[in-house]
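Content type mmCIF, C-alpha atoms and all ligand atoms, from the file my_file_6.cif:
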```
data_upload
loop_
_atom_site.label_atom_id
_atom_site.label_comp_id
_atom_site.auth_asym_id
_atom_site.auth_seq_id
_atom_site.Cartn_x
_atom_site.Cartn_y
_atom_site.Cartn_z
CA MET A 1 129.11 103.89 46.20
CA THR A 2 128.55 102.06 49.45
CA LYS A 3 125.20 103.52 50.53
CA THR A 4 122.01 102.07 49.09
CA PRO A 5 119.46 104.49 47.73
CA SER A 6 115.94 104.44 49.21
CA ARG A 7 112.80 105.27 47.26
CA PHE A 8 113.90 108.92 47.29
CA GLY A 9 117.48 108.18 46.36
CA TYR A 10 119.95 109.55 48.93
CA ALA A 11 117.48 112.06 50.39
CA SER A 12 117.24 111.42 54.12
CA GLY A 13 114.38 113.61 55.24
CA LEU A 14 112.75 117.03 55.21
CA ALA A 15 113.77 119.92 57.46
CA CYS A 16 112.05 123.21 58.28
CA ARG A 17 114.07 126.10 56.88
CA GLU A 18 112.96 128.31 59.77
CA CYS A 19 113.13 126.22 62.96
CA GLY A 20 115.08 123.16 61.79
CA GLN A 21 112.39 120.63 62.84
CA THR A 22 112.87 117.42 60.81
CA TYR A 23 110.25 115.23 59.13
CA ASP A 24 110.22 111.91 57.31
CA LEU A 25 110.19 112.08 53.53
CA GLY A 26 106.64 112.31 52.21
CA ALA A 27 104.02 114.72 51.00
CA HIS A 28 104.63 117.54 53.51
CA TYR A 29 105.71 121.00 52.54
CA ALA A 30 105.13 123.20 55.59
CA CYS A 31 106.34 122.84 59.18
CA SER A 32 103.52 121.87 61.53
CA GLY A 33 105.23 123.84 64.32
CA CYS A 34 106.03 127.19 62.71
CA PHE A 35 104.54 126.92 59.15
CA GLY A 36 108.02 127.47 57.66
CA PRO A 37 108.80 125.83 54.31
CA LEU A 38 110.43 122.39 54.28
CA GLU A 39 113.58 121.48 52.41
CA VAL A 40 115.03 118.11 51.35
CA CYS A 41 118.12 116.90 53.26
CA TYR A 42 120.55 114.22 52.10
CA ASP A 43 122.90 111.58 53.30
CA LEU A 44 125.07 111.98 50.23
CA PRO A 45 127.01 109.08 48.75
CA HIS A 46 130.66 109.18 47.79
CA LEU A 47 130.61 110.69 44.32
CA THR A 48 133.32 111.32 41.73
CA ARG A 49 133.51 113.42 38.59
CA ASP A 50 133.92 110.19 36.57
CA ILE A 51 130.69 108.69 37.89
CA ILE A 52 128.77 111.85 36.95
CA GLU A 53 130.42 112.19 33.54
CA ALA A 54 129.51 108.57 32.70
CA GLY A 55 125.83 109.29 33.41
CA PRO A 56 122.99 110.11 30.98
CA GLN A 57 122.92 113.35 28.94
CA SER A 58 120.20 114.85 31.14
CA ILE A 59 119.64 116.03 34.71
CA TRP A 60 119.62 112.34 35.73
CA ARG A 61 123.43 112.33 35.62
CA TYR A 62 123.01 114.09 39.00
CA ALA A 63 120.22 111.77 40.21
CA SER A 64 122.13 110.80 43.35
CA LEU A 65 121.96 114.48 44.43
CA LEU A 66 118.17 114.64 43.88
CA PRO A 67 115.14 113.25 45.81
CA VAL A 68 114.23 110.75 43.09
CA PRO A 69 113.94 106.95 43.07
CA PRO A 70 116.63 104.69 41.62
CA GLY A 71 115.87 103.92 37.99
CA VAL A 72 114.44 107.39 37.41
CA ALA A 73 116.30 107.67 34.10
CA GLU A 74 114.34 104.69 32.73
CA THR A 75 110.90 106.04 33.74
CA PRO A 76 108.91 108.14 31.22
CA ASN A 77 109.76 111.79 31.88
CA THR A 78 110.91 114.72 29.77
CA ASP A 79 114.60 114.19 30.70
CA PRO A 80 115.63 117.88 30.57
CA GLY A 81 119.07 119.36 31.21
CA CYS A 82 122.55 119.35 29.69
CA THR A 83 121.75 122.66 28.03
CA ARG A 84 124.54 124.68 26.43
CA LEU A 85 126.85 126.99 28.34
CA VAL A 86 127.68 129.52 25.64
CA ARG A 87 130.87 131.61 25.75
CA ALA A 88 129.51 135.11 25.07
CA GLY A 89 132.64 136.77 23.65
CA ASN A 90 130.84 139.38 21.53
CA LEU A 91 128.59 140.44 24.38
CA ALA A 92 131.56 140.51 26.78
CA ARG A 93 133.41 142.91 24.42
CA VAL A 94 130.40 145.23 24.23
CA LEU A 95 130.12 145.23 28.03
CA GLY A 96 133.87 145.53 28.66
CA MET A 97 134.00 142.18 30.46
CA ARG A 98 136.82 139.66 30.42
CA SER A 99 134.85 136.39 30.59
CA LEU A 100 131.10 135.97 30.21
CA TRP A 101 128.96 132.87 29.69
CA VAL A 102 125.25 132.40 28.99
CA LYS A 103 123.58 129.26 30.37
CA ASP A 104 121.00 128.79 27.63
CA GLU A 105 117.91 127.09 29.00
CA ARG A 106 116.05 127.20 25.70
CA GLY A 107 117.51 123.75 25.03
CA ASN A 108 115.05 122.07 27.42
CA PRO A 109 112.03 120.11 26.12
CA THR A 110 109.57 123.00 26.55
CA HIS A 111 112.23 125.71 26.14
CA SER A 112 112.66 126.91 29.73
CA PHE A 113 114.42 125.80 32.91
CA LYS A 114 111.01 124.79 34.35
CA ASP A 115 111.37 121.34 32.75
CA ARG A 116 114.07 120.60 35.33
CA VAL A 117 111.93 121.30 38.39
CA VAL A 118 108.91 119.54 36.89
CA ALA A 119 110.90 116.41 36.01
CA VAL A 120 112.04 116.06 39.64
CA ALA A 121 108.53 116.84 40.97
CA LEU A 122 106.99 114.25 38.64
CA ALA A 123 109.44 111.54 39.73
CA ALA A 124 108.90 112.25 43.44
CA ALA A 125 105.12 112.71 43.12
CA THR A 126 104.69 109.40 41.30
CA GLU A 127 106.73 107.71 44.04
CA MET A 128 104.37 109.22 46.66
CA GLY A 129 101.29 107.93 44.86
CA PHE A 130 99.93 111.18 43.43
CA LYS A 131 97.73 110.64 40.37
CA VAL A 132 97.51 114.13 38.84
CA LEU A 133 100.26 116.66 38.05
CA ALA A 134 99.06 120.23 38.65
CA CYS A 135 100.34 123.79 39.10
CA PRO A 136 99.57 127.47 39.27
CA SER A 137 101.88 129.10 36.72
CA THR A 138 103.17 132.33 35.20
CA GLY A 139 103.44 130.43 31.90
CA ASN A 140 106.58 128.36 31.49
CA LEU A 141 105.68 126.03 34.33
CA ALA A 142 102.31 125.43 32.65
CA ASN A 143 104.08 124.28 29.46
CA ALA A 144 106.44 122.01 31.40
CA VAL A 145 103.74 120.39 33.59
CA ALA A 146 101.39 119.71 30.67
CA ALA A 147 104.21 118.17 28.60
CA ALA A 148 105.61 116.02 31.43
CA ALA A 149 102.16 114.70 32.40
CA ALA A 150 101.43 113.86 28.76
CA ARG A 151 104.64 111.87 28.50
CA ALA A 152 104.02 110.11 31.84
CA GLY A 153 100.47 109.27 30.76
CA ILE A 154 98.76 111.04 33.66
CA ARG A 155 96.30 113.91 33.89
CA SER A 156 97.49 117.52 34.23
CA VAL A 157 95.59 120.47 35.73
CA VAL A 158 97.14 123.85 35.02
CA LEU A 159 95.95 127.23 36.33
CA VAL A 160 97.25 130.48 34.78
CA PRO A 161 96.39 134.20 34.86
CA ALA A 162 94.05 134.94 31.92
CA ASP A 163 96.28 137.78 30.61
CA LEU A 164 99.19 135.45 29.80
CA GLU A 165 101.00 135.48 26.43
CA GLN A 166 99.10 133.50 23.72
CA GLN A 167 102.24 131.49 23.00
CA LYS A 168 102.27 130.19 26.56
CA ILE A 169 98.53 129.40 26.59
CA LEU A 170 98.58 127.54 23.25
CA GLY A 171 101.92 125.96 24.17
CA THR A 172 100.19 124.40 27.17
CA ALA A 173 96.86 123.48 25.58
CA VAL A 174 98.57 121.52 22.80
CA TYR A 175 99.62 118.79 25.26
CA GLY A 176 96.03 118.07 26.30
CA GLY A 177 95.18 118.07 29.99
CA THR A 178 93.05 120.61 31.81
CA LEU A 179 93.97 124.27 31.32
CA VAL A 180 92.10 126.88 33.36
CA THR A 181 92.63 130.61 32.84
CA VAL A 182 91.80 132.71 35.89
CA ASP A 183 90.86 136.40 36.08
CA GLY A 184 93.46 137.79 38.46
CA THR A 185 97.19 137.97 39.15
CA TYR A 186 99.53 135.02 39.63
CA ASP A 187 99.19 135.49 43.37
CA ASP A 188 95.39 135.02 43.07
CA VAL A 189 95.96 131.88 40.97
CA ASN A 190 98.44 130.58 43.53
CA ARG A 191 95.96 131.04 46.37
CA LEU A 192 93.30 129.12 44.42
CA ALA A 193 95.80 126.31 43.81
CA SER A 194 96.55 126.03 47.54
CA GLU A 195 92.82 125.74 48.26
CA LEU A 196 92.43 123.04 45.59
CA ALA A 197 95.46 121.13 46.92
CA ASP A 198 93.75 120.94 50.32
CA PHE A 199 90.87 118.86 49.08
CA HIS A 200 92.31 116.91 46.16
CA ASP A 201 94.76 114.79 48.07
CA ASP A 202 95.99 112.87 45.02
CA TRP A 203 96.82 116.03 43.04
CA ALA A 204 100.48 117.02 43.12
CA PHE A 205 100.67 120.79 42.70
CA VAL A 206 104.34 120.77 41.79
CA ASN A 207 105.16 124.17 43.28
CA VAL A 208 102.74 123.96 46.23
CA ASN A 209 102.34 120.61 48.01
CA VAL A 210 105.40 118.93 46.46
CA ARG A 211 107.44 122.14 46.40
CA PRO A 212 110.38 120.77 48.46
CA TYR A 213 111.02 118.15 45.75
CA TYR A 214 110.27 120.48 42.82
CA ALA A 215 112.66 123.18 44.01
CA GLU A 216 115.59 120.74 44.16
CA GLY A 217 115.42 120.42 40.37
CA SER A 218 116.95 123.88 39.98
CA LYS A 219 120.16 122.64 41.59
CA THR A 220 120.94 120.89 38.31
CA ILE A 221 121.60 124.27 36.63
CA GLY A 222 124.36 124.87 39.17
CA TYR A 223 125.84 121.37 38.78
CA GLU A 224 125.91 121.72 35.00
CA ILE A 225 127.56 125.13 35.03
CA ALA A 226 130.34 123.81 37.28
CA GLU A 227 130.81 120.66 35.19
CA GLN A 228 130.80 122.64 31.91
CA LEU A 229 133.42 125.06 33.27
CA GLY A 230 135.66 122.03 33.85
CA TRP A 231 134.57 121.45 37.46
CA ARG A 232 134.97 125.04 38.63
CA LEU A 233 132.58 127.61 40.03
CA PRO A 234 132.25 130.97 38.26
CA SER A 235 133.16 134.04 40.33
CA GLN A 236 129.81 135.76 39.71
CA ILE A 237 126.37 134.64 38.54
CA VAL A 238 123.24 136.64 37.71
CA VAL A 239 119.93 134.78 38.11
CA PRO A 240 116.36 135.97 37.42
CA VAL A 241 114.08 135.98 40.48
CA ALA A 242 110.36 135.15 40.50
CA SER A 243 109.67 132.99 43.59
CA GLY A 244 113.44 133.00 44.15
CA ALA A 245 113.79 129.21 44.25
CA GLN A 246 116.10 129.00 41.22
CA LEU A 247 118.62 131.43 42.73
CA VAL A 248 118.59 129.78 46.15
CA LYS A 249 119.06 126.29 44.67
CA ILE A 250 121.90 127.26 42.33
CA ASP A 251 123.75 128.49 45.40
CA LYS A 252 122.88 125.25 47.23
CA ALA A 253 124.27 123.24 44.29
CA PHE A 254 127.55 125.16 44.38
CA ARG A 255 127.92 124.54 48.12
CA GLU A 256 127.14 120.83 47.74
CA LEU A 257 129.77 120.46 45.00
CA SER A 258 132.33 122.14 47.28
CA ALA A 259 131.35 119.92 50.21
CA LEU A 260 131.67 116.80 48.03
CA GLY A 261 135.12 117.93 46.88
CA LEU A 262 134.00 117.97 43.24
CA VAL A 263 135.06 121.62 42.84
CA GLU A 264 137.61 123.76 44.65
CA ASP A 265 136.06 125.49 47.63
CA ALA A 266 135.57 128.89 45.96
CA GLU A 267 132.99 131.59 46.64
CA CYS A 268 130.60 132.54 43.83
CA ARG A 269 128.90 135.91 44.31
CA VAL A 270 125.19 135.47 43.53
CA PHE A 271 123.13 138.34 42.05
CA GLY A 272 119.33 138.43 41.65
CA ALA A 273 117.47 140.15 38.80
CA GLN A 274 113.92 141.53 38.90
CA ALA A 275 111.73 143.75 36.74
CA ALA A 276 110.95 147.18 38.22
CA GLY A 277 107.24 146.39 37.77
CA CYS A 278 107.60 143.48 40.20
CA ALA A 279 110.63 143.96 42.39
CA PRO A 280 109.71 143.04 45.98
CA VAL A 281 113.03 141.31 46.65
CA ALA A 282 115.15 144.07 45.10
CA ALA A 283 113.24 146.62 47.21
CA ALA A 284 113.89 144.65 50.41
CA PHE A 285 117.56 144.29 49.49
CA LEU A 286 117.97 148.03 48.89
CA ALA A 287 116.13 148.90 52.10
CA GLY A 288 118.23 146.43 54.11
CA HIS A 289 115.09 144.53 55.22
CA ASP A 290 114.77 140.80 55.98
CA VAL A 291 111.07 140.63 55.15
CA VAL A 292 109.75 140.99 51.62
CA GLN A 293 106.73 143.27 51.25
CA PRO A 294 104.29 141.87 48.61
CA VAL A 295 103.58 144.02 45.52
CA ARG A 296 101.02 143.98 42.70
CA PRO A 297 102.95 143.13 39.48
CA ALA A 298 102.85 145.29 36.34
CA THR A 299 105.65 144.33 33.93
CA ILE A 300 106.22 142.75 30.52
CA ALA A 301 108.35 140.12 32.29
CA LYS A 302 105.31 137.97 33.09
CA SER A 303 107.32 134.85 33.88
CA LEU A 304 108.84 136.76 36.81
CA ALA A 305 105.61 138.44 37.93
CA ILE A 306 105.25 136.95 41.42
CA GLY A 307 104.33 139.72 43.84
CA ASN A 308 104.67 137.58 46.96
CA PRO A 309 107.74 135.39 46.39
CA ALA A 310 107.95 132.27 48.58
CA ASP A 311 111.76 132.21 48.61
CA GLY A 312 112.28 135.98 48.82
CA PRO A 313 113.86 135.98 52.31
CA TYR A 314 116.20 133.12 51.35
CA VAL A 315 117.31 135.03 48.23
CA LEU A 316 118.27 137.90 50.55
CA ASP A 317 120.25 135.48 52.75
CA VAL A 318 122.17 134.08 49.75
CA VAL A 319 123.07 137.40 48.13
CA ARG A 320 124.12 138.93 51.46
CA ARG A 321 126.22 135.89 52.42
CA THR A 322 128.01 135.73 49.05
CA GLY A 323 128.52 139.48 48.56
CA GLY A 324 125.98 139.76 45.74
CA ALA A 325 122.96 142.03 45.30
CA VAL A 326 119.41 142.13 43.94
CA ALA A 327 118.56 144.87 41.43
CA ASP A 328 115.67 145.78 39.15
CA VAL A 329 115.35 147.22 35.64
CA THR A 330 112.61 148.95 33.65
CA ASP A 331 110.60 147.39 30.84
CA GLY A 332 112.52 149.58 28.35
CA GLU A 333 115.85 148.26 29.65
CA ILE A 334 114.48 144.71 29.39
CA VAL A 335 113.59 145.11 25.69
CA ASP A 336 117.00 146.70 24.93
CA ALA A 337 118.75 143.80 26.60
CA ILE A 338 116.73 141.18 24.68
CA SER A 339 117.88 142.86 21.43
CA LEU A 340 121.47 143.13 22.61
CA LEU A 341 121.65 139.39 23.45
CA ALA A 342 120.08 138.50 20.11
CA LYS A 343 122.35 140.80 18.07
CA THR A 344 125.61 139.91 19.81
CA GLU A 345 125.21 136.19 20.46
CA GLY A 346 122.34 135.00 18.27
CA ILE A 347 120.36 134.04 21.36
CA PHE A 348 116.71 135.11 21.50
CA GLY A 349 115.84 134.97 25.16
CA GLU A 350 112.50 135.70 26.74
CA THR A 351 111.71 138.71 28.89
CA ALA A 352 113.32 137.05 31.92
CA ALA A 353 116.61 136.92 29.97
CA GLY A 354 116.20 140.63 29.21
CA VAL A 355 115.79 141.27 32.93
CA THR A 356 118.92 139.27 33.73
CA LEU A 357 121.16 140.89 31.11
CA ALA A 358 119.85 144.37 31.91
CA VAL A 359 120.65 143.83 35.59
CA LEU A 360 124.15 142.68 34.61
CA ARG A 361 124.62 145.96 32.71
CA LYS A 362 123.25 148.02 35.56
CA LEU A 363 125.45 146.39 38.20
CA LEU A 364 128.55 146.68 35.98
CA ALA A 365 127.80 150.39 35.59
CA SER A 366 127.38 150.83 39.34
CA GLY A 367 130.58 148.92 40.05
CA GLN A 368 128.82 146.16 42.04
CA LEU A 369 129.79 143.51 39.47
CA ASP A 370 133.45 143.05 38.56
CA PRO A 371 134.05 143.16 34.77
CA ALA A 372 137.30 141.22 35.18
CA ALA A 373 135.74 138.27 37.05
CA GLU A 374 134.36 135.20 35.27
CA THR A 375 130.59 135.62 35.10
CA VAL A 376 127.60 133.47 34.13
CA ILE A 377 124.12 134.79 33.33
CA ILE A 378 121.06 132.58 32.98
CA ASN A 379 118.86 132.72 29.89
CA SER A 380 115.96 130.91 31.54
CA GLY A 381 113.47 130.88 28.63
CA ASP A 382 112.75 131.34 24.94
CA GLY A 383 111.99 134.65 23.21
CA LEU A 384 109.59 132.88 20.86
CA LYS A 385 107.17 132.63 23.80
CA THR A 386 107.20 136.39 24.48
CA LEU A 387 107.12 137.85 20.96
CA ASP A 388 104.85 140.76 21.87
CA ALA A 389 107.50 142.17 24.18
CA VAL A 390 109.86 142.89 21.26
CA ALA A 391 107.30 143.62 18.53
CA SER A 392 107.70 147.38 18.91
CA ALA A 393 111.51 147.20 19.04
CA VAL A 394 112.13 145.45 15.71
CA PRO A 395 111.71 147.32 12.39
CA ALA A 396 108.54 146.62 10.41
CA VAL A 397 109.08 144.72 7.15
CA THR A 398 107.10 145.34 3.98
CA PRO A 399 107.15 143.00 0.98
CA ILE A 400 108.84 143.79 -2.37
CA ARG A 401 108.07 142.58 -5.90
CA ALA A 402 110.02 139.44 -6.89
CA SER A 403 112.44 141.34 -9.17
CA LEU A 404 116.13 142.29 -9.12
CA GLU A 405 115.18 145.97 -9.50
CA ALA A 406 112.95 145.89 -6.45
CA PHE A 407 115.68 144.14 -4.44
CA ALA A 408 118.29 146.68 -5.61
CA GLU A 409 115.98 149.49 -4.57
CA ARG A 410 115.60 147.94 -1.09
CA GLU A 411 119.39 147.57 -0.83
CA SER A 412 120.05 151.21 -1.72
CA LEU A 413 117.45 152.27 0.81
CA ARG A 414 119.30 150.16 3.38
CA SER A 415 122.71 151.68 2.61
CA ARG A 416 121.26 155.23 2.68
CA LYS A 417 119.82 154.46 6.11
CA ALA A 418 123.16 153.02 7.26
CA ASP A 419 124.98 156.14 5.99
CA ALA A 420 122.52 158.37 7.82
CA ALA A 421 122.95 156.42 11.04
C1 LIG B 501 109.78 130.68 36.65
C2 LIG B 501 110.81 131.41 35.88
C3 LIG B 501 111.89 132.06 36.53
C4 LIG B 501 112.05 132.21 38.02
O1 LIG B 501 111.96 131.08 38.76
P1 LIG B 501 111.86 131.07 40.36
O2 LIG B 501 112.53 129.81 40.72
O3 LIG B 501 110.39 131.06 40.69
O4 LIG B 501 112.53 132.29 40.89
C5 LIG B 501 112.86 132.64 35.74
N1 LIG B 501 112.79 132.62 34.39
C6 LIG B 501 111.78 132.03 33.74
C7 LIG B 501 111.75 132.08 32.25
C8 LIG B 501 110.76 131.40 34.46
O5 LIG B 501 109.76 130.81 33.81
ZN ZN B 502 109.46 125.10 61.61
#
```
Here is a file; write its structure as structure tokens.
Ligand SMILES: *Cc1c(COP(=O)(O)O)cnc(C)c1O
Ligand SMILES: [Zn+2]
Amino acid sequence: MTKTPSRFGYASGLACRECGQTYDLGAHYACSGCFGPLEVCYDLPHLTRDIIEAGPQSIWRYASLLPVPPGVAETPNTDPGCTRLVRAGNLARVLGMRSLWVKDERGNPTHSFKDRVVAVALAAATEMGFKVLACPSTGNLANAVAAAAARAGIRSVVLVPADLEQQKILGTAVYGGTLVTVDGTYDDVNRLASELADFHDDWAFVNVNVRPYYAEGSKTIGYEIAEQLGWRLPSQIVVPVASGAQLVKIDKAFRELSALGLVEDAECRVFGAQAAGCAPVAAAFLAGHDVVQPVRPATIAKSLAIGNPADGPYVLDVVRRTGGAVADVTDGEIVDAISLLAKTEGIFGETAAGVTLAVLRKLLASGQLDPAAETVIINSGDGLKTLDAVASAVPAVTPIRASLEAFAERESLRSRKADAA
């Protein structure tokens, strides 16, 4: 590598995604001219597969493609990434597909892909002198922020809707830090966070005032998928959509890898998945609109319940450019899909995974996804955090006496049931 990294690595500046106006790297997130969101730009170094493969077993193997300081891998952080890409042969057979993979994000430190975005936000925020790590969250981000701040030895302030799953509330509180539950939807919580960010200028709200840095962390899912496929892009990918940042950044990662010559220049069709109870992007896609009309969420997929998604229009751009689609599925279809993934592959995903797999099924049935093309779906979180969603779909268990007779009785009951079925 001939270029020397600056304090944000090889990032060269920020650019408005609407009007293109450029800014120096720093704590800006909105364009002062048109209020459009800002995005990190790079002056990328020469990079080879060997250099990446020799790197750490975490997202930091791609540090030169992220807005993080040199030495980031040696600084206290949660070091997420390098999660498994699972060949889903059983599930593929059930669905009539030739080649299907599940990118299993449960392997991250707090069991969702949010550790990736938070790790990058923490590294950039510390570099910019922020003293507190904060966020509004639909749950998984809360876990990730509280854990990362604990490890970095700084304060966290986390705001969540009060009706969140217990697992996600306790799974945040355990790390210490300040946890505030708010009566209202995520969109109410998000508005409060923006107001707080305005007058606490040393608080880094990871997905608000340091959002350009945070969002880049999702690119690492795309890099890993390509590397794990042997430096190839899949032909199709299905990604859950809340704010839409994950989907947009996976596509950005694929295009960067092509531009760097690290993968063949192939097109990957990108598909977005939403729950019918919160499907503003799917609705805009179906209607052929460029603007996303906000909705009030009502779905069991709480991690995806963002009624006014910041990256919604950019999701539409990506799926239209790549020949993908955005679709939505009902809560019933979500629960069925969670069971199907668990029973075929031994992977217990959260509601967002149910949304993603159910959308895969729906788009295969409608002919929009090609069953013969190599496909990846994202399992973005852990089913152990959304137990209530499946409670009604799994059979109740009652205890037996500790005797062979009682066990034999239970077995014969089981085989009678199986015969009847
Ligand atoms: C946050 C979240 C998403 C969606 O992320 P966006 O980048 O906001 O679209 C998907 N799955 C899970 C489990 C999440 O927590
Ligand atoms: Zn602008």
Mind checking which residues fall within 12 Å of A:Gln368, counting only C-alpha atoms, ignoring those fewer than 6 positions away in the same chain, and posting them as a PyMOL selection string?
chain A and resi 236+238+269-271+323-327+359-362
Kindly indicate which residue among A:Glu165, A:Asp198, A:Asp79, A:Asp382 lies nearest to ligand LIG 501 (chain B), using only C-alpha atoms and all ligand atoms for the distances.
A:Asp382
Restricting to all atoms listed in the file, whichever of A:Leu164, A:Val158, A:Ala27, A:Val102 is closest to A:Met128 is A:Ala27
May I have the residues within 7 Å of stretch 131-142 of chain A as a VMD selection string, using only C-alpha atoms and disregarding those fewer than 2 positions away in the same chain?
chain A and resid 112 114 129 144 to 146 149 154 to 160 164 168 172 186 189 to 190 193 202 to 207 302 to 303
Closest contacts (chain A/ligand ZN 502 (chain B), max 9 Å, only C-alpha atoms and all ligand atoms) as CSV:
```
residue,atom,partner,partner_atom,distance
A:Ala15,CA,B:ZN502,ZN,7.9
A:Cys16,CA,B:ZN502,ZN,4.6
A:Arg17,CA,B:ZN502,ZN,6.7
A:Glu18,CA,B:ZN502,ZN,5.1
A:Cys19,CA,B:ZN502,ZN,4.1
A:Gly20,CA,B:ZN502,ZN,5.9
A:Gln21,CA,B:ZN502,ZN,5.5
A:Thr22,CA,B:ZN502,ZN,8.4
A:Ala30,CA,B:ZN502,ZN,7.7
A:Cys31,CA,B:ZN502,ZN,4.6
A:Ser32,CA,B:ZN502,ZN,6.8
A:Gly33,CA,B:ZN502,ZN,5.2
A:Cys34,CA,B:ZN502,ZN,4.2
A:Phe35,CA,B:ZN502,ZN,5.8
A:Gly36,CA,B:ZN502,ZN,4.8
A:Pro37,CA,B:ZN502,ZN,7.4
A:Leu38,CA,B:ZN502,ZN,7.9
```
Restricting it to C-alpha atoms, dump the selection as a PDB file, in the frame of the given file.
```
ATOM      1  CA  ALA A  15     113.770 119.920  57.460  1.00  0.00           C
ATOM      2  CA  CYS A  16     112.050 123.210  58.280  1.00  0.00           C
ATOM      3  CA  ARG A  17     114.070 126.100  56.880  1.00  0.00           C
ATOM      4  CA  GLU A  18     112.960 128.310  59.770  1.00  0.00           C
ATOM      5  CA  CYS A  19     113.130 126.220  62.960  1.00  0.00           C
ATOM      6  CA  GLY A  20     115.080 123.160  61.790  1.00  0.00           C
ATOM      7  CA  GLN A  21     112.390 120.630  62.840  1.00  0.00           C
ATOM      8  CA  THR A  22     112.870 117.420  60.810  1.00  0.00           C
ATOM      9  CA  ALA A  30     105.130 123.200  55.590  1.00  0.00           C
ATOM     10  CA  CYS A  31     106.340 122.840  59.180  1.00  0.00           C
ATOM     11  CA  SER A  32     103.520 121.870  61.530  1.00  0.00           C
ATOM     12  CA  GLY A  33     105.230 123.840  64.320  1.00  0.00           C
ATOM     13  CA  CYS A  34     106.030 127.190  62.710  1.00  0.00           C
ATOM     14  CA  PHE A  35     104.540 126.920  59.150  1.00  0.00           C
ATOM     15  CA  GLY A  36     108.020 127.470  57.660  1.00  0.00           C
ATOM     16  CA  PRO A  37     108.800 125.830  54.310  1.00  0.00           C
ATOM     17  CA  LEU A  38     110.430 122.390  54.280  1.00  0.00           C
TER      18      LEU A  38
END
```
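With atom CA of A:His111 on one side and atom CA of A:Gly381 on the other, the separation reads 5.9 Å.
With distances taken over only C-alpha atoms and all ligand atoms, A:Ile378 is the one residue among A:Ala152, A:Ile378, A:Ala123, A:Leu14 lying closest to ligand LIG 501 (chain B).
The coordinates place atom CA of A:Gly81 at 18.2 Å from atom CA of A:Glu350.
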Determine, counting all atoms listed in the file, which protein, DNA and RNA residues have an atom within 12 Å of an atom of A:Cys268; residues of the same chain fewer than 5 positions away are not included. Present the result as a VMD selection string.
chain A and resid 222 225 to 226 232 to 238 250 to 255 258 263 318 to 324 369 373 to 376
Limited to C-alpha atoms, could you put the picked residues into a file as a compact mmCIF listing (two decimals), in the coordinates of the input?
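The result, written out as out21.txt:
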```txt
# COMPACT_ATOMS: atom_id res chain seq x y z
CA GLY A 222 124.36 124.87 39.17
CA ILE A 225 127.56 125.13 35.03
CA ALA A 226 130.34 123.81 37.28
CA ARG A 232 134.97 125.04 38.63
CA LEU A 233 132.58 127.61 40.03
CA PRO A 234 132.25 130.97 38.26
CA SER A 235 133.16 134.04 40.33
CA GLN A 236 129.81 135.76 39.71
CA ILE A 237 126.37 134.64 38.54
CA VAL A 238 123.24 136.64 37.71
CA ILE A 250 121.90 127.26 42.33
CA ASP A 251 123.75 128.49 45.40
CA LYS A 252 122.88 125.25 47.23
CA ALA A 253 124.27 123.24 44.29
CA PHE A 254 127.55 125.16 44.38
CA ARG A 255 127.92 124.54 48.12
CA SER A 258 132.33 122.14 47.28
CA VAL A 263 135.06 121.62 42.84
CA VAL A 318 122.17 134.08 49.75
CA VAL A 319 123.07 137.40 48.13
CA ARG A 320 124.12 138.93 51.46
CA ARG A 321 126.22 135.89 52.42
CA THR A 322 128.01 135.73 49.05
CA GLY A 323 128.52 139.48 48.56
CA GLY A 324 125.98 139.76 45.74
CA LEU A 369 129.79 143.51 39.47
CA ALA A 373 135.74 138.27 37.05
CA GLU A 374 134.36 135.20 35.27
CA THR A 375 130.59 135.62 35.10
CA VAL A 376 127.60 133.47 34.13
```
6 Å shell around ligand LIG 501 (chain B) using only C-alpha atoms and all ligand atoms, listed as a short mmCIF file (atom, residue, chain, number, x, y, z; two decimals) with C-alpha atoms, in the frame of the given file:
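Resulting contents of out.cif:
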```
data_model
loop_
_atom_site.label_atom_id
_atom_site.label_comp_id
_atom_site.auth_asym_id
_atom_site.auth_seq_id
_atom_site.Cartn_x
_atom_site.Cartn_y
_atom_site.Cartn_z
CA SER A 112 112.66 126.91 29.73
CA ASN A 140 106.58 128.36 31.49
CA PRO A 240 116.36 135.97 37.42
CA VAL A 241 114.08 135.98 40.48
CA ALA A 242 110.36 135.15 40.50
CA SER A 243 109.67 132.99 43.59
CA GLY A 244 113.44 133.00 44.15
CA ALA A 245 113.79 129.21 44.25
CA GLN A 246 116.10 129.00 41.22
CA SER A 303 107.32 134.85 33.88
CA LEU A 304 108.84 136.76 36.81
CA ALA A 352 113.32 137.05 31.92
CA SER A 380 115.96 130.91 31.54
CA GLY A 381 113.47 130.88 28.63
#
```
How far is it from atom CA of A:Val315 to atom CA of A:Asp188, in Å with one decimal?
22.5 Å
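Remark: for A:Lys219, the closest of the candidate residues A:Ala147, A:Ala420, A:Ala408, A:Val120 is A:Val120 (distances computed over all atoms listed in the file).
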Would you mind listing what lies within 12 Å of A:Ile51 as a JSON list (two decimals) with C-alpha atoms, keeping the file's coordinate frame, with only C-alpha atoms counted and same-chain residues fewer than 5 positions away left out?
```
[["chain", "number", "residue", "atom", "x", "y", "z"],
["A", 1, "MET", "CA", 129.11, 103.89, 46.20],
["A", 45, "PRO", "CA", 127.01, 109.08, 48.75],
["A", 46, "HIS", "CA", 130.66, 109.18, 47.79],
["A", 56, "PRO", "CA", 122.99, 110.11, 30.98],
["A", 60, "TRP", "CA", 119.62, 112.34, 35.73],
["A", 61, "ARG", "CA", 123.43, 112.33, 35.62],
["A", 62, "TYR", "CA", 123.01, 114.09, 39.00],
["A", 63, "ALA", "CA", 120.22, 111.77, 40.21],
["A", 64, "SER", "CA", 122.13, 110.80, 43.35],
["A", 262, "LEU", "CA", 134.00, 117.97, 43.24]]
```
